[in-house]
Structures are given as structure tokens and as C-alpha cells.
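Visitor: Here's a structure for you.
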Amino acid sequence: MHSHSRGDRFLRSLLQDRSGNTLVITAAALLPMMALIGGGVDISRAYMAKTQLQSACDAGVLAGRRAMSKTGTYGTTEKSKADGMFNFNFNSAALEATGVNFSSDDNDDGQVLGTATATVPTLIMKVFNKRTVDLTVNCMAELQIGNADIMFVLDTTGSMGQSINWGEPAKIVGLRDAVRDFHKTINQAVNDNRTRIRYGFVPYSMTVNARSLLTSGAMPNSYFTSSTQYQTRIPYFGKTTYVAEEPVELDSGTEAYPNKISKSNCDKYGVNDYPTAGDNPVKVGTIPNSVTSTEYNYVSWTNTTGSGKNKVGTCTRRWVKARTDYETWYGFSYWIYQDETLDTSSFKNFTAVPIATSVTSALVSTKGDYDLVTLAKMQAGTASNGVQAMDVGVNSYTWNGCLEERDTVTPTTTLPDLDPLPDDAYDLNFDLVPESDTTRWRPMWGNVEFSRSNYDGQNYYYNSSNGSYYNYSNYSGNSVNPPGNSSSNCPADMMLLRTVELADDANNVPDWLNTYLNNLVATGNTYHDIGMIWGGRLTSPTGLFASNVNLDSDKINVSKHIVFMTDGIMEPTASGYSAYGIENLDSRIAPRYYSGTITARHNLRFSAMCEAIKAQGTTIWVVTFGTSMTTELQNCASNGRAYYSSNTEALRNTFKFIAAQVADLRLGT
């Protein structure tokens with residue numbers, strides 16, 4: 001028998017009693033549960049803070065890279081914009097964040113790199129002495145570009161040879177640099193060697209230059225007229241002139257002077273009819289009828305008697321009798337200033353073609369007028385009629401490639417409705433293949449073009465003493481202009497879309513592009529419509545150059561753009577020689593006596609071309625350089641993509657910005 005103390009019994013009963021265990025276990029588990037839940041809450045808050053920090057960092061570097069696209073550098077101004085965008089997107093007060101810091105910089109690849117840090121307090125974990133969470137994120141923004149075709153339609157008119165401000169280079173120099181900056185920005189954006197970038201160019205002034213398109217075979221010469229009408233001048237030959245033919249000998253012989261004479265007198269007798277003075281030869285008859293002449297010439301003298309001063313002898317001379325016949329020719333009377341059709345079959349093939357330039361001493365066998373090309377052929381003896389002119393001044397000229405446009409809608413006294421485009425507005429049709437002279441282009445030939453004071457042909461006389469032209473009827477009034485020169489208003493060649501080489505060095509500009517830009521010239525007045533017509537024609541996917549435009553379209557997607565830059569408003573001239581001839585004489589855009597409306601009419605045509613190009617799916621960017629942004633220019637741009645540049649630096653920054661938009665800003669990893 002065992003005995004137990006009272007204490008033993010208490011412990012044994014307590015051990016066996018399970019009431020109250022849950023409370024003890026719960027108390028023991030409370031702290032771990034608080035740590036688990038509190039950690040989740042604080043981690044969730046930290047995650048949301050880090051997400052916002054990352055978004056702010058991304059926004060900051062995007063803003064910085066966008067600013068860099070405009071300036072090309074990443075300095076204080078660009079960093080400030082990045083900082084501002086970061087601060088705008090990160091709400092440190094709401095997160096109770098401290099130690100917030102954002103820094104950014106660029107690298108050699110044109111990327112903007114950023115790092116953002118912040119510290120956020122914990123709510124629950126501070127019980128466990130974890131009072132804050134440190135956050136760090138990295139971000140990067142870069143330009144990335146897909147395949148793109150960019151056609152530059154560039155105003156290269158005479159004003160581009162001037163500077164906007166004193167000390168700045170000529171605007172044409174700034175334009176060249178702006179295109180180079182554009183390329184450098186695009187070059188930075190390429191991170192895939194499979195990317196295809198192409199550039200094309202349409203420099204314009206009063207016309208465009210198709211020389212390279214023709215010489216490369218992209219455009220056949222048959223697209224141009226072989227017989228072309230120009231506002232020119234033709235010489236009229238109406239002054240009768242008789243020209244002697246070679247004399248025909250009829251008889252000849254010798255004779256002796258019947259008396260003895262001195263040697264000195266014999267010599268005189270030998271060349272005339274001494275001792276009676278007269279003409280030699282002795283002529284009988286009147287021009288233009290045949291004239292018979294007898295010519296006498298000394299033969300010999302033989303001394304017979306006397307000596308010294310008294311020496312005399314026999315004198316002998318020869319005589320020749322001949323007949324001279326006369327042809328009737330006609331000399332220059334005056335110039336007729338009028339429209340005339342000239343043979344351009346050789347000229348359009350870049351063959352040097354002679355034209356008559358001086359005719360004041362020329363003679364022709366048939367009375368009438370002669371065009372400058374035919375007269376030059378006559379001088380060279382190559383005219384088909386075999387008639388030869390005499391003493392015609394001739395210069396040879398080779399076509400420079402600038403063109404006159406094909407026919408357009410017949411103008412009326414009211415402004416035309418170009419929506420939709422009329423069927424007979426052949427010049428505004430991007431895709432029409434030439435099939436007749438009305439749909440063919442014309443070679444521009446300034447050397448044969450002359451302006452005058454009224455529509456109808458005028459007769460003028462040239463006064464060589466003072467170099468002036470006078471009305472032939474009254475010899476007064478200088479009312480005609482000297483010959484034009486298509487070279488003086490002819491811009492650089494157009495260029496089809498061409499693949500541009502992209503280099504590891506973002507600042508590398510291909511040699512061919514540098515050469516092309518350096519050859520841009522500033523000349524002529526401003527015809528925006530002719531530039532946009534050909535910008536649309538060279539980018540039309542269904543037009544004359546579709547094989548170039550659609551190259552590899554079955555394999556790759558390509559974004560299409562036109563960058564249109566001008567330093568002036570539409571400024572056609574009624575009396576100058578342009579793609580539409582001499583407007584107040586040819587009347588292709590406005591009818592007679594309505595030349596004052598040509599600016600409005602050209603603006604309508606420009607606007608119609610802008611809409612036609614946008615309908616092709618091409619994005620138009622418009623940049624004005626030191627000139628006002630007109631309504632027509634503003635509306636031409638796609639979705640507000642119109643920009644004003646007040647000086648050269650602003651132009652270059654604008655081109656960088658457009659390149660960045662073409663490329664598109666993207667976040668990197």
C-alpha cells in the first residue's frame with residue numbers, strides 16, 4: 001500500500017485537467033502571427049511603392065530622352081525635365097517616403113539611364129524593430145525604330161540662300177545640317193540590323209528636277225514631249241538683199257597700148273583704162289539682172305626708146321570678160337515674240353542642241369520667219385530643206401532635267417473645285433502613265449523662253465547701239481524681256497527612296513547623303529504645290545514608281561512619312577518661267593487677265609495634294625523655317641504634326657524631334 005502527499009495529488013490532477021489550454025496556445029502563437037500578417041501588409045505597401053517608383057523612373061527617363069531628341073545633348077535642361085516628370089509621378093507624401101532620389105544620364109548608344117531610390121516606413125513590422133524598407137529601381141529609355149520610308153520635300157527657293165539672323169549661316173546650310181541631325185537620331189534608334197530605313201528627296205522651287213530619274217532609267221524619256229510649245233521669239237526675214245554668185249568667164253586676151261608710154265603710166269594702164277581714169281572692172285548692166293564686167297590687169301612694159309625720165313616703151317595688159325548673176329536673199333527685219341512649237345526630240349535625251357542666238361547679219365533664201373532650232377540647223381547646213389543661213393550666231397544647250405508639268409484642268413474665272421480631283425487635271429494625278437502629249441511632261445528650256453508685255457505676239461526690232469528692243473512699228477517702248485535660263489530656277493535632282501546605311505557610330509552620315517545635301521541649291525520662287533505633287537508621286541504605292549515604293553512589301557511592314565520643310569509662303573510669279581510656263585502668257589492655272597488669282601489657285605492645288613497623300617497612308621510632317629505657319633500648311637500636316645522653327649538651331653532641333661517621333665520612344669530593360 002502506497003501513500004501519497006497532498007502536493008502530489010494536486011500535480012497529478014492538474015496534469016490530467018485539459019481545460020484552458022487553448023488560451024495558452026493562442027497567447028503563445030500571437031507574436032508569430034503578428035509578424036506574418038504585418039510582414040505581408042508592409043511588403044504589399046513596399047511593393048506598391050516600388051511599382052510607383054518604377055513608373056516614375058520610367059516617366060522620367062522618357063521625358064529626358066524626348067528632351068534629348070530635340071537638342072541632341074543630355075545636359076542640365078534635359079535632366080531637369082526628367083526630374084520634373086519623375087517628381088510629378090511619384091507621390092512621396094502619400095507613401096510617407098523619405099530619402100527619395102532620382103538621377104539620370106545618357107550613354108554612347110543614345111539611351112537615357114535612370115536610377116531611383118526611396119525609403120518607406122513599415123506599419124507593423126516596426127514592432128519587430130523593422131522600421132523602414134529601402135527601395136531601388138533602374139530604368140532606361142531609348143529610341144527604337146521599325147522599317148520606315150521618309151521622303152524629304154524641301155523648299156530650296158532663293159530665300160534659302162539668305163540668313164534669318166545676322167551671324168547665322170544661310171538657311172540652306174541649316175537645312176543640310178538638320179537633315180544630317182535627323183539621320184543621326186534615326187541611327188541611334190536602330191537596334192536591329194534587319195531594320196530598313198530609306199530616304200528620298202524632292203527639292204523644289206518653281207519646278208522640280210527629274211534628271212536622275214531619267215538617267216537611271218526609273219522614268220523613260222518617252223514620258224516627255226518631242227515637240228514642245230514655248231513662249232519664245234522667232235526672227236522674221238523680209239529685207240530684200242541681192243547676193244552675187246561666182247562670176248562666169250566669157251572671154252579673155254591681151255592688148256598693147258597703141259602708143260609708147262612710160263613704165264609708171266603703163267602700170268596704171270594695167271589696172272584701169274588709162275589714160276582716161278575709170279573703174280576696173282568696167283561693168284555693164286544693173287543688179288539684180290546679170291552684170292557683165294571687163295577687168296584689166298598689168299602684164300609687162302618693154303623699153304623701146306629714150307633714156308632716163310624720157311624712157312618710153314610698149315605697154316601690155318590682160319583683160320578678162322565675165323558675167324555675174326545675182327540671187328535674191330532676205331535679211332533680218334525684226335523678232336516676233338509669240339508661242340512657238342520647237343523640236344525637243346534630241347533635247348529631252350540630254351543631247352546638246354544648237355539654237356540661233358544672233359541673226360542681225362544673217363541672210364535666208366526664202367522670205368518669212370524661222371524658229372531658233374530650225375535656223376541653227378540651217379546655219380550648220382543640216383536642215384532637211386537644204387537651205388543654209390549665213391552668219392547666224394549659234395549656242396548649244398543641254399537639258400538640265402527640270403520640267404514643265406503636263407496639262408491640267410482648263411482654268412475658269414472662278415476658283416476650281418478640286419474635290420474630287422477633275423479627270424483632266426493630269427498633273428495632279430500621281431499614277432497616270434503618259435500616253436499623249438497632253439499627259440506627257442515637257443522639258444524646261446529657259447534659253448528659248450522670252451516674256452513680253454501682252455498676250456498676243458509682238459514684233460520687235462533690236463537696237464544694237466543700246467541693247468534695247470523697240471516695237472517695230474514705231475521704234476519705241478521696251479516691252480520684252482531677255483531670254484530666261486532654266487538653270488537659274490532649277491533645283492537639285494529628285495531622288496527615289498534609297499536604303500540608307502546605318503552605322504554603329506550614331507554620328508556617321510553616309511558619303512552619298514553628305515554629297516547630295518551639299519548639292520542642294522537655293523534658287524527661284526516658292527511653288528509648294530509642285531513639291532507636294534512630286535512628293536506624292538514618288539511615294540504612291542500604285543503609281544509610276546510603285547516598284548520602288550513597294551520594295552519588299554510582301555516581307556516587311558513599313559511606315560511611310562513625308563517631311564515637308566519651307567521657309568516661305570506660296571509665292572508664284574505671273575511673269576517668271578516655272579513648271580507651268582510663263583503663267584500670264586500660257587494661262588494654264590488662271591485664265592487670261594486673272595493672273596492675280598494664281599496664289600489662291602496654287603494653294604488649292606497644294607491642299608488637294610496633301611489630302612491625296614494622306615489618303616495613301618503616308619504621314620505628313622510640316623516644318624516652317626522662319627516664316628508664318630499658314631492655314632494651308634497647318635492643315636497639310638497629319639494630326640497636328642506642324643512645327644515652327646524660328647532659327648537654325650530650332651530647325652535642327654525640330655528635325656531631331658521628328659526623327660524621334662518617327663522612331664518612337666520606348667522603355668528598355
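Residue numbers start at 1 in each chain; chains themselves are named A, B, ... in the order of the C-alpha cells; ligands are numbered from 1 in the order shown.
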Near A:Val509, counting only C-alpha atoms, which residues have an atom at most 12 Å away, once you skip same-chain residues fewer than 2 positions from it, shown as a list in words?

Guide: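 Near A:Val509, the qualifying residues are Arg176, Asp177, Val179, Arg180, Asp181, Phe182, His183, Lys184, Thr185, Ile186, Asn187, Gln188, Val500, Glu501, Leu502, Ala503, Asp504, Asp505, Ala506, Asn507, Asp511, Trp512, Leu513, Asn514, Thr515, Tyr516 and Leu517 of chain A.
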
Visitor: Compile the contact shell of A:Ala322 as a ChimeraX atom specification: residues with an atom at most 12 Å away, counting only C-alpha atoms, same-chain residues fewer than 6 positions apart removed.

Guide: /A:245-252,281-284,290-296

Visitor: Can you pull out the residues contacting A:Pro275? Cut-off 12 Å, using only C-alpha atoms, and skip same-chain residues under 6 positions away; I want them as a ChimeraX atom specification.

Guide: /A:257-259,261-262,264-269

Visitor: Just asking: which residues within stretch 354-402 of chain A are strand (DSSP E or B) according to DSSP, as number ranges by chain?

Guide: A: 354-358, 363-364, 368-369, 390, 393-397, 402

Visitor: May I ask which of the residues A:Thr344, A:Ser628, A:Thr76, A:Ser553 is the closest one to A:Gly568, counting only C-alpha atoms?

Guide: A:Ser628

Visitor: Residues near stretch 616-620 of chain A, anyone? I mean within 6 Å using only C-alpha atoms, not counting same-chain ones fewer than 6 positions away, as a ChimeraX atom specification.

Guide: /A:560-562,637-638

Visitor: As a list in words, please: all residues of stretch 276-498 of chain A that backbone DSSP puts in helix (DSSP H, G or I).

Guide: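 Assigned to helix (DSSP H, G or I), within stretch 276-498 of chain A: Gly308, Lys309, Asn310, Phe347, Lys348, Asn349, Leu372, Val373, Thr374, Leu375, Ala376, Lys377, Met378, Gln379, Tyr426, Asp427, Leu428, Gly446, Asn447, Val448, Ser486, Ser487, Ser488 and Asn489 of chain A.
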
Visitor: Which polymer residues have any atom within 6 Å of an atom of A:Leu497, counting only C-alpha atoms, with same-chain residues fewer than 4 positions away left out, as number ranges by chain?

Guide: A: 198-200

Visitor: Which residue, A:Ala590, A:Val153, A:Asp529, A:Pro541, has the smallest gap to A:Val622 when you use only C-alpha atoms?

Guide: A:Val153

Visitor: Point out the residue among A:Gly581, A:Pro121, A:Gly285, A:Gly524 with the least atom-to-atom distance to A:Asp42, counting only C-alpha atoms.

Guide: A:Pro121

Visitor: If you count only C-alpha atoms, which residues fall within 6 Å of A:Thr314, apart from same-chain ones fewer than 6 positions away, as a list of chain:residue names?

Guide: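 Surrounding residues, per the criterion: A:Lys260, A:Trp301, A:Thr302.
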
Visitor: Name all residues at most 12 Å from A:Arg592 (count only C-alpha atoms; drop same-chain ones fewer than 2 positions away) and give them as a list in words.

Guide: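 That gives Thr410, Pro411, Thr412, Thr413, Asn454, Tyr455, Asp456, Ala574, Ile582, Glu583, Asn584, Leu585, Asp586, Ser587, Arg588, Ile589, Ala590, Tyr594, Ser595, Gly596, Thr597 and Ile598 of chain A.
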
Visitor: Please produce a file of those selected residues containing N, CA, C and O atoms, as a PDB file, in the first residue's frame.

Guide:
ATOM      1  N   THR A 410      -8.652  72.842-117.336  1.00  0.00           N
ATOM      2  CA  THR A 410      -8.777  74.136-118.008  1.00  0.00           C
ATOM      3  C   THR A 410      -9.291  75.171-117.013  1.00  0.00           C
ATOM      4  O   THR A 410     -10.351  74.975-116.399  1.00  0.00           O
ATOM      5  N   PRO A 411      -8.561  76.271-116.829  1.00  0.00           N
ATOM      6  CA  PRO A 411      -8.970  77.242-115.802  1.00  0.00           C
ATOM      7  C   PRO A 411     -10.215  78.030-116.209  1.00  0.00           C
ATOM      8  O   PRO A 411     -10.448  78.293-117.392  1.00  0.00           O
ATOM      9  N   THR A 412     -11.003  78.374-115.210  1.00  0.00           N
ATOM     10  CA  THR A 412     -12.167  79.232-115.400  1.00  0.00           C
ATOM     11  C   THR A 412     -11.997  80.474-114.542  1.00  0.00           C
ATOM     12  O   THR A 412     -11.065  80.573-113.736  1.00  0.00           O
ATOM     13  N   THR A 413     -12.887  81.422-114.702  1.00  0.00           N
ATOM     14  CA  THR A 413     -12.764  82.672-113.948  1.00  0.00           C
ATOM     15  C   THR A 413     -13.000  82.468-112.459  1.00  0.00           C
ATOM     16  O   THR A 413     -12.566  83.277-111.645  1.00  0.00           O
ATOM     17  N   ASN A 454       2.262  91.688-123.395  1.00  0.00           N
ATOM     18  CA  ASN A 454       0.861  91.317-123.543  1.00  0.00           C
ATOM     19  C   ASN A 454       0.740  89.903-124.080  1.00  0.00           C
ATOM     20  O   ASN A 454       1.731  89.253-124.403  1.00  0.00           O
ATOM     21  N   TYR A 455      -0.497  89.426-124.164  1.00  0.00           N
ATOM     22  CA  TYR A 455      -0.731  88.032-124.526  1.00  0.00           C
ATOM     23  C   TYR A 455      -0.393  87.731-125.976  1.00  0.00           C
ATOM     24  O   TYR A 455       0.101  86.657-126.299  1.00  0.00           O
ATOM     25  N   ASP A 456      -0.712  88.665-126.862  1.00  0.00           N
ATOM     26  CA  ASP A 456      -0.585  88.394-128.286  1.00  0.00           C
ATOM     27  C   ASP A 456       0.848  88.602-128.754  1.00  0.00           C
ATOM     28  O   ASP A 456       1.634  89.302-128.136  1.00  0.00           O
ATOM     29  N   ALA A 574       3.693  85.589-111.953  1.00  0.00           N
ATOM     30  CA  ALA A 574       2.962  85.555-113.222  1.00  0.00           C
ATOM     31  C   ALA A 574       3.880  85.708-114.420  1.00  0.00           C
ATOM     32  O   ALA A 574       3.583  85.213-115.508  1.00  0.00           O
ATOM     33  N   ILE A 582       5.170  80.445-118.528  1.00  0.00           N
ATOM     34  CA  ILE A 582       5.021  81.830-118.071  1.00  0.00           C
ATOM     35  C   ILE A 582       3.530  82.033-117.846  1.00  0.00           C
ATOM     36  O   ILE A 582       2.736  82.070-118.796  1.00  0.00           O
ATOM     37  N   GLU A 583       3.140  82.137-116.583  1.00  0.00           N
ATOM     38  CA  GLU A 583       1.733  81.981-116.227  1.00  0.00           C
ATOM     39  C   GLU A 583       0.801  82.978-116.902  1.00  0.00           C
ATOM     40  O   GLU A 583      -0.306  82.629-117.300  1.00  0.00           O
ATOM     41  N   ASN A 584       1.225  84.253-117.034  1.00  0.00           N
ATOM     42  CA  ASN A 584       0.301  85.214-117.633  1.00  0.00           C
ATOM     43  C   ASN A 584       0.268  85.132-119.151  1.00  0.00           C
ATOM     44  O   ASN A 584      -0.479  85.863-119.793  1.00  0.00           O
ATOM     45  N   LEU A 585       1.067  84.241-119.745  1.00  0.00           N
ATOM     46  CA  LEU A 585       1.025  84.017-121.192  1.00  0.00           C
ATOM     47  C   LEU A 585       0.481  82.625-121.522  1.00  0.00           C
ATOM     48  O   LEU A 585      -0.326  82.467-122.438  1.00  0.00           O
ATOM     49  N   ASP A 586       0.920  81.606-120.766  1.00  0.00           N
ATOM     50  CA  ASP A 586       0.457  80.248-121.036  1.00  0.00           C
ATOM     51  C   ASP A 586      -0.928  79.978-120.448  1.00  0.00           C
ATOM     52  O   ASP A 586      -1.646  79.102-120.939  1.00  0.00           O
ATOM     53  N   SER A 587      -1.278  80.692-119.368  1.00  0.00           N
ATOM     54  CA  SER A 587      -2.634  80.616-118.789  1.00  0.00           C
ATOM     55  C   SER A 587      -3.059  79.181-118.486  1.00  0.00           C
ATOM     56  O   SER A 587      -4.180  78.776-118.771  1.00  0.00           O
ATOM     57  N   ARG A 588      -2.164  78.417-117.866  1.00  0.00           N
ATOM     58  CA  ARG A 588      -2.510  77.036-117.529  1.00  0.00           C
ATOM     59  C   ARG A 588      -3.217  76.923-116.184  1.00  0.00           C
ATOM     60  O   ARG A 588      -3.974  75.983-115.957  1.00  0.00           O
ATOM     61  N   ILE A 589      -2.921  77.861-115.277  1.00  0.00           N
ATOM     62  CA  ILE A 589      -3.520  77.814-113.939  1.00  0.00           C
ATOM     63  C   ILE A 589      -4.673  78.800-113.816  1.00  0.00           C
ATOM     64  O   ILE A 589      -5.701  78.505-113.216  1.00  0.00           O
ATOM     65  N   ALA A 590      -4.507  79.986-114.365  1.00  0.00           N
ATOM     66  CA  ALA A 590      -5.560  81.005-114.352  1.00  0.00           C
ATOM     67  C   ALA A 590      -5.787  81.482-115.781  1.00  0.00           C
ATOM     68  O   ALA A 590      -4.846  81.547-116.579  1.00  0.00           O
ATOM     69  N   TYR A 594      -6.482  86.994-115.297  1.00  0.00           N
ATOM     70  CA  TYR A 594      -6.747  86.561-113.925  1.00  0.00           C
ATOM     71  C   TYR A 594      -5.466  86.077-113.246  1.00  0.00           C
ATOM     72  O   TYR A 594      -5.510  85.272-112.326  1.00  0.00           O
ATOM     73  N   SER A 595      -4.324  86.585-113.702  1.00  0.00           N
ATOM     74  CA  SER A 595      -3.062  86.139-113.111  1.00  0.00           C
ATOM     75  C   SER A 595      -2.946  86.559-111.647  1.00  0.00           C
ATOM     76  O   SER A 595      -2.154  85.987-110.901  1.00  0.00           O
ATOM     77  N   GLY A 596      -3.735  87.537-111.214  1.00  0.00           N
ATOM     78  CA  GLY A 596      -3.717  87.937-109.807  1.00  0.00           C
ATOM     79  C   GLY A 596      -4.298  86.885-108.880  1.00  0.00           C
ATOM     80  O   GLY A 596      -4.173  87.010-107.658  1.00  0.00           O
ATOM     81  N   THR A 597      -4.928  85.865-109.437  1.00  0.00           N
ATOM     82  CA  THR A 597      -5.528  84.822-108.602  1.00  0.00           C
ATOM     83  C   THR A 597      -4.664  83.565-108.524  1.00  0.00           C
ATOM     84  O   THR A 597      -5.094  82.562-107.945  1.00  0.00           O
ATOM     85  N   ILE A 598      -3.472  83.598-109.092  1.00  0.00           N
ATOM     86  CA  ILE A 598      -2.699  82.351-109.165  1.00  0.00           C
ATOM     87  C   ILE A 598      -2.264  81.851-107.788  1.00  0.00           C
ATOM     88  O   ILE A 598      -2.161  80.641-107.580  1.00  0.00           O
TER      89      ILE A 598
END
